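Enquirer: I have a structure I would like to understand better, so I am pasting it below and will then ask my questions one at a time.
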Amino acid sequence: MINLRGLQFEECISEQKLLQAIDRVAAQINTDFAGKEPLFIVVLNGAFKFATELLSRFEGTCEIEFLKLSSYDGTASTGGVITHIPLDVDLEDREVIVVEDIVDSGNTLEKITDMLVSGGVSKFRIASLFFKPGSYTKEYKIHYVGLEIPNDFIVGYGLDYNGLGRNLNAIYKLKTTKMTNLVLFGPPGAGKGTQASFLKEKYNLVHISTGDVFRYNIKNATDLGTLAKSYIDKGQLVPDSVTIDMLSAEVDKTPDANGFIFDGFPRTTAQAEALDALLDNKGTKVAAMIALEVDDEILVKRLLERGKTSGRKDDADESVIRNRIKVYYDETAILKNYYQKQDKYYGVDGVGAIDEITERLSAVIDGL
């Protein structure tokens, strides 16, 4: 997986497969143009890597000229073809091989054909490394095709996304699967952990609990865990940067996940901004902050009941319970404001049967 200007691309065609395709095209051209001196017209910028390999396999003598055209802006077609570097060669009675990186709609090919015909060539052939039959709208013949591919947006081997990716030796396609990243909140006793487990299974999400991540790193004495422990041992707060690095490592463990449930993070606006930056760097974003809403008195009653069997002292003292709830609301108020400004905050009624609450949460997620 690679990240180009905020978008994720996954490898779909290996360098070996590309070179095998170029070998096949070169063999066909060598057969058709044996003993001749064709003019190769290389269409820039995308075809430079293909042309380099193809021309190194041509067994005769030839001339080479370059033509620079563009028909894409980012991942979208501009609907027209712009000439940046025109042809500066006599085409009269020449045998020409046009070297293209990719033929999709055929708009560029149409413009090149008009140039060649008006220039008086005696014969021309089109050689393209890639061909998208599903999006081709013209009737011009493409004589030499390396690989037929689906109508995906691809980069690599000369093809780019906003200037990046041309140097890659394999082909990568744009990852179009939408990731559903959730920030899940709920006061003590709201059943957040139970719901996170259900949502994780239902939507195939990865549940990242900040507490679990900290305990894992410290227990296993990872570099980040050792660093975090050094602050804890001094009675200091662990810097946000360390926490974010831990979360980043967790996200990187499952790059193909459908999304993540962040539990226990963020707690402050600075942390929320840091999480946004982290996900943006990985080509995704927070889809929603979902907060379970439960009346305080119900929470107190639930926790006191739980305290009878859990053995947790903070579940047995009503004053401690009420203070925990207050701390939760203080933190949530800050984040609620942050995500409301992005239209990403969703409050969900957390009272009722477990499956009823799951259905309410699912209705929010399905609507994202």
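Within each chain, counting starts at residue 1; across the structure tokens, chains are named A, B, ... in the order shown, with ligands numbered 1 upward in that order.
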Can you tell me, as a VMD selection string, what residues are no more than 9 Å from range 291-295 of chain A when counting only C-alpha atoms, ignoring any on the same chain fewer than 4 positions away?
Expert: chain A and resid 183 to 187 189 to 192 299 to 300 332 336 345 to 351 357 361
Enquirer: Using only C-alpha atoms, which residues sit within 9 Å of Gln271 in chain A once same-chain residues fewer than 6 positions away are excluded, as number ranges by chain?
Expert: A: 240-241, 244, 265
Enquirer: So, with only C-alpha atoms as the atoms that count, which of A:Glu10, A:Leu199, A:Ala127, A:Ala270 lies closest to Glu359 in chain A?
Expert: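 Smallest separation from Glu359 in chain A among the options: A:Leu199.
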Enquirer: Output as a PyMOL selection string all residues of range 73-221 of chain A that backbone DSSP marks as helix (DSSP H, G or I).
Expert: chain A and resi 107-119+192-203+210-219
Enquirer: Between A:Gly60, A:Pro133, A:Pro86, A:Gly264, which residue has the minimum interatomic distance to Leu335 in chain A, considering only C-alpha atoms?
Expert: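 Nearest to Leu335 in chain A: A:Gly264.
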Enquirer: Please extract the residues of range 94-195 of chain A with a backbone DSSP assignment of strand (DSSP E or B) and present them as JSON, numbers by chain.
Expert: {"A": [95, 96, 97, 98, 99, 100, 101, 102, 103, 123, 124, 125, 126, 127, 128, 129, 130, 131, 144, 145, 146, 147, 148, 154, 155, 156, 159, 161, 164, 171, 172, 173, 174, 181, 182, 183, 184, 185]}
Enquirer: Output N, CA and C atoms for every residue in that selection, as a short mmCIF file (atom, residue, chain, number, x, y, z; two decimals), in the first residue's frame.
Expert:
```cif
data_model
loop_
_atom_site.label_atom_id
_atom_site.label_comp_id
_atom_site.auth_asym_id
_atom_site.auth_seq_id
_atom_site.Cartn_x
_atom_site.Cartn_y
_atom_site.Cartn_z
N GLU A 95 6.48 5.62 -41.76
CA GLU A 95 5.84 4.53 -41.01
C GLU A 95 6.05 4.82 -39.53
N VAL A 96 4.94 4.96 -38.81
CA VAL A 96 4.99 5.48 -37.44
C VAL A 96 4.43 4.46 -36.45
N ILE A 97 5.08 4.39 -35.29
CA ILE A 97 4.56 3.61 -34.15
C ILE A 97 4.37 4.58 -32.99
N VAL A 98 3.14 4.76 -32.58
CA VAL A 98 2.83 5.63 -31.45
C VAL A 98 2.91 4.82 -30.16
N VAL A 99 3.70 5.30 -29.23
CA VAL A 99 3.89 4.59 -27.96
C VAL A 99 3.09 5.31 -26.87
N GLU A 100 2.02 4.68 -26.42
CA GLU A 100 1.14 5.24 -25.39
C GLU A 100 1.28 4.45 -24.10
N ASP A 101 1.04 5.13 -22.96
CA ASP A 101 1.03 4.42 -21.69
C ASP A 101 -0.29 3.69 -21.49
N ILE A 102 -1.40 4.38 -21.79
CA ILE A 102 -2.72 3.80 -21.53
C ILE A 102 -3.75 4.38 -22.48
N VAL A 103 -4.66 3.56 -22.94
CA VAL A 103 -5.79 4.01 -23.74
C VAL A 103 -7.05 3.67 -22.96
N LYS A 123 1.73 4.91 -42.99
CA LYS A 123 1.22 3.82 -42.16
C LYS A 123 1.51 4.15 -40.71
N PHE A 124 0.57 3.85 -39.83
CA PHE A 124 0.88 4.03 -38.41
C PHE A 124 0.24 2.92 -37.59
N ARG A 125 0.88 2.62 -36.48
CA ARG A 125 0.40 1.61 -35.55
C ARG A 125 0.41 2.20 -34.14
N ILE A 126 -0.52 1.74 -33.32
CA ILE A 126 -0.62 2.20 -31.93
C ILE A 126 -0.16 1.09 -31.00
N ALA A 127 0.80 1.40 -30.14
CA ALA A 127 1.27 0.46 -29.12
C ALA A 127 0.98 1.06 -27.75
N SER A 128 0.15 0.39 -26.96
CA SER A 128 -0.19 0.89 -25.63
C SER A 128 0.08 -0.18 -24.58
N LEU A 129 0.72 0.24 -23.50
CA LEU A 129 1.00 -0.73 -22.44
C LEU A 129 -0.29 -1.22 -21.81
N PHE A 130 -1.27 -0.30 -21.63
CA PHE A 130 -2.53 -0.67 -21.01
C PHE A 130 -3.71 -0.26 -21.92
N PHE A 131 -4.77 -1.05 -21.83
CA PHE A 131 -5.99 -0.74 -22.57
C PHE A 131 -7.18 -1.05 -21.65
N TYR A 144 -1.11 -2.95 -30.80
CA TYR A 144 -0.29 -3.69 -29.84
C TYR A 144 -0.71 -3.30 -28.42
N VAL A 145 -1.20 -4.26 -27.66
CA VAL A 145 -1.66 -4.01 -26.29
C VAL A 145 -0.88 -4.89 -25.33
N GLY A 146 -0.28 -4.25 -24.34
CA GLY A 146 0.43 -5.02 -23.32
C GLY A 146 -0.51 -5.77 -22.42
N LEU A 147 -1.43 -5.04 -21.78
CA LEU A 147 -2.37 -5.64 -20.84
C LEU A 147 -3.73 -4.94 -20.93
N GLU A 148 -4.79 -5.73 -20.98
CA GLU A 148 -6.13 -5.18 -20.83
C GLU A 148 -6.46 -5.16 -19.34
N ILE A 154 -5.13 4.02 -12.04
CA ILE A 154 -3.87 3.38 -11.68
C ILE A 154 -2.71 4.37 -11.76
N VAL A 155 -1.66 4.05 -11.01
CA VAL A 155 -0.42 4.83 -11.04
C VAL A 155 0.75 3.85 -11.11
N GLY A 156 1.91 4.40 -11.48
CA GLY A 156 3.12 3.59 -11.56
C GLY A 156 3.54 3.36 -12.99
N LEU A 159 2.74 6.27 -15.11
CA LEU A 159 1.44 6.88 -14.82
C LEU A 159 1.48 7.56 -13.46
N TYR A 161 -0.42 10.29 -10.28
CA TYR A 161 -1.55 10.99 -9.68
C TYR A 161 -1.02 12.33 -9.19
N LEU A 164 2.80 12.47 -8.89
CA LEU A 164 3.51 11.46 -8.11
C LEU A 164 3.20 10.05 -8.62
N ILE A 171 2.45 -1.48 -10.80
CA ILE A 171 1.23 -0.69 -10.98
C ILE A 171 0.37 -0.80 -9.72
N TYR A 172 -0.14 0.35 -9.30
CA TYR A 172 -0.99 0.43 -8.12
C TYR A 172 -2.34 1.03 -8.52
N LYS A 173 -3.42 0.47 -7.98
CA LYS A 173 -4.74 1.02 -8.27
C LYS A 173 -5.27 1.76 -7.05
N LEU A 174 -6.11 2.73 -7.32
CA LEU A 174 -6.70 3.53 -6.25
C LEU A 174 -7.59 2.64 -5.38
N ASN A 181 -14.20 4.92 10.11
CA ASN A 181 -13.46 5.12 11.35
C ASN A 181 -14.34 5.85 12.36
N LEU A 182 -14.52 5.24 13.51
CA LEU A 182 -15.42 5.77 14.52
C LEU A 182 -14.67 6.13 15.79
N VAL A 183 -15.03 7.25 16.39
CA VAL A 183 -14.61 7.58 17.74
C VAL A 183 -15.81 7.27 18.63
N LEU A 184 -15.66 6.26 19.48
CA LEU A 184 -16.79 5.79 20.28
C LEU A 184 -16.64 6.26 21.73
N PHE A 185 -17.68 6.94 22.22
CA PHE A 185 -17.67 7.45 23.58
C PHE A 185 -18.90 6.96 24.33
#
```
Enquirer: List the neighbours of Arg306 in chain A out to 9 Å using only C-alpha atoms; skip same-chain residues closer than 5 positions along the sequence, and give me the result as a ChimeraX atom specification.
Expert: /A:189,301,311-312,315-316
Enquirer: Considering only C-alpha atoms, return as an MDAnalysis selection string whatever protein or nucleic-acid residues lie within 8 Å of Phe66 in chain A, sequence-local ones (same chain, fewer than 6 positions apart) excluded.
Expert: chainID A and resid 41:44 85 87
Enquirer: Using all heavy atoms, can you write the selected residues to a file as a short mmCIF file (atom, residue, chain, number, x, y, z; two decimals), in the first residue's frame?
Expert:
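What landed in out-v4.cif:
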```cif
data_model
loop_
_atom_site.label_atom_id
_atom_site.label_comp_id
_atom_site.auth_asym_id
_atom_site.auth_seq_id
_atom_site.Cartn_x
_atom_site.Cartn_y
_atom_site.Cartn_z
N ILE A 41 6.87 7.56 -32.00
CA ILE A 41 6.41 8.79 -31.35
C ILE A 41 5.97 8.43 -29.93
O ILE A 41 5.00 7.70 -29.74
CB ILE A 41 5.25 9.44 -32.10
CG1 ILE A 41 5.71 9.89 -33.50
CG2 ILE A 41 4.69 10.63 -31.33
CD1 ILE A 41 4.61 10.50 -34.36
N VAL A 42 6.73 8.92 -28.96
CA VAL A 42 6.47 8.60 -27.56
C VAL A 42 5.61 9.70 -26.95
O VAL A 42 5.97 10.88 -26.99
CB VAL A 42 7.79 8.46 -26.78
CG1 VAL A 42 7.52 8.13 -25.31
CG2 VAL A 42 8.69 7.39 -27.41
N VAL A 43 4.47 9.30 -26.38
CA VAL A 43 3.55 10.27 -25.79
C VAL A 43 3.92 10.48 -24.33
O VAL A 43 3.85 9.56 -23.51
CB VAL A 43 2.09 9.78 -25.91
CG1 VAL A 43 1.14 10.83 -25.33
CG2 VAL A 43 1.74 9.48 -27.37
N LEU A 44 4.32 11.71 -24.03
CA LEU A 44 4.74 12.05 -22.66
C LEU A 44 3.56 12.57 -21.85
O LEU A 44 2.56 13.00 -22.41
CB LEU A 44 5.84 13.12 -22.73
CG LEU A 44 7.12 12.73 -23.46
CD1 LEU A 44 8.05 13.93 -23.55
CD2 LEU A 44 7.79 11.58 -22.78
N ILE A 85 3.63 19.79 -25.72
CA ILE A 85 4.78 19.80 -26.63
C ILE A 85 4.31 19.19 -27.95
O ILE A 85 4.05 17.98 -28.03
CB ILE A 85 5.96 19.00 -26.07
CG1 ILE A 85 6.42 19.58 -24.73
CG2 ILE A 85 7.11 18.98 -27.07
CD1 ILE A 85 7.55 18.79 -24.09
N LEU A 87 4.40 17.94 -32.04
CA LEU A 87 5.37 17.24 -32.88
C LEU A 87 6.13 18.23 -33.75
O LEU A 87 5.56 19.19 -34.27
CB LEU A 87 4.66 16.23 -33.78
CG LEU A 87 4.23 14.91 -33.14
CD1 LEU A 87 3.42 14.09 -34.15
CD2 LEU A 87 5.45 14.12 -32.69
#
```
Enquirer: Which residue, A:Asp276, A:Glu11, A:Glu139, A:Asp233, has the smallest gap to Phe153 in chain A when you use only C-alpha atoms?
Expert: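 Among the listed residues, A:Glu11 lies closest to Phe153 in chain A.
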Enquirer: I need the residue nearest Ser14 in chain A from this list: A:Ser209, A:Asn169, A:Gln342, A:Thr222. Use only C-alpha atoms for the distance.
Expert: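 Closest candidate: A:Asn169.
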Enquirer: Rounded to one decimal place, report the CA of Gly46 in chain A-CA of Ser122 in chain A distance in Å.
Expert: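 Distance between the two atoms: 26.1 Å.
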Enquirer: Using only C-alpha atoms, which residues sit within 10 Å of Ala27 in chain A once same-chain residues fewer than 5 positions away are excluded, as a list of chain:residue names?
Expert: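 Here the answer would be A:Ile22, A:Asp32, A:Leu54, A:Arg57, A:Phe58, A:Glu59.
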Enquirer: How about saving the chosen residues, C-alpha atoms kept, as a short mmCIF file (atom, residue, chain, number, x, y, z; two decimals), in the first residue's frame?
Expert:
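Now in selection-v8.cif:
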```
data_model
loop_
_atom_site.label_atom_id
_atom_site.label_comp_id
_atom_site.auth_asym_id
_atom_site.auth_seq_id
_atom_site.Cartn_x
_atom_site.Cartn_y
_atom_site.Cartn_z
CA ILE A 22 6.45 -5.48 -22.92
CA ASP A 32 5.93 -6.36 -38.31
CA LEU A 54 10.17 -1.18 -25.62
CA ARG A 57 14.02 -4.42 -27.35
CA PHE A 58 13.58 -3.09 -30.90
CA GLU A 59 15.98 -5.01 -33.14
#
```
Enquirer: Work out how far apart CA of Leu69 in chain A and CA of Thr31 in chain A are and give it in Å to one decimal.
Expert: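 So the two atoms, CA of Leu69 in chain A and CA of Thr31 in chain A, lie 28.9 Å apart.
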Enquirer: Need to verify the contact set: Lys229 in chain A, 9 Å, only C-alpha atoms, exclusion of same-chain residues closer than 5 positions in sequence. Can you return it as a ChimeraX atom specification?
Expert: /A:218,221,224,234,238
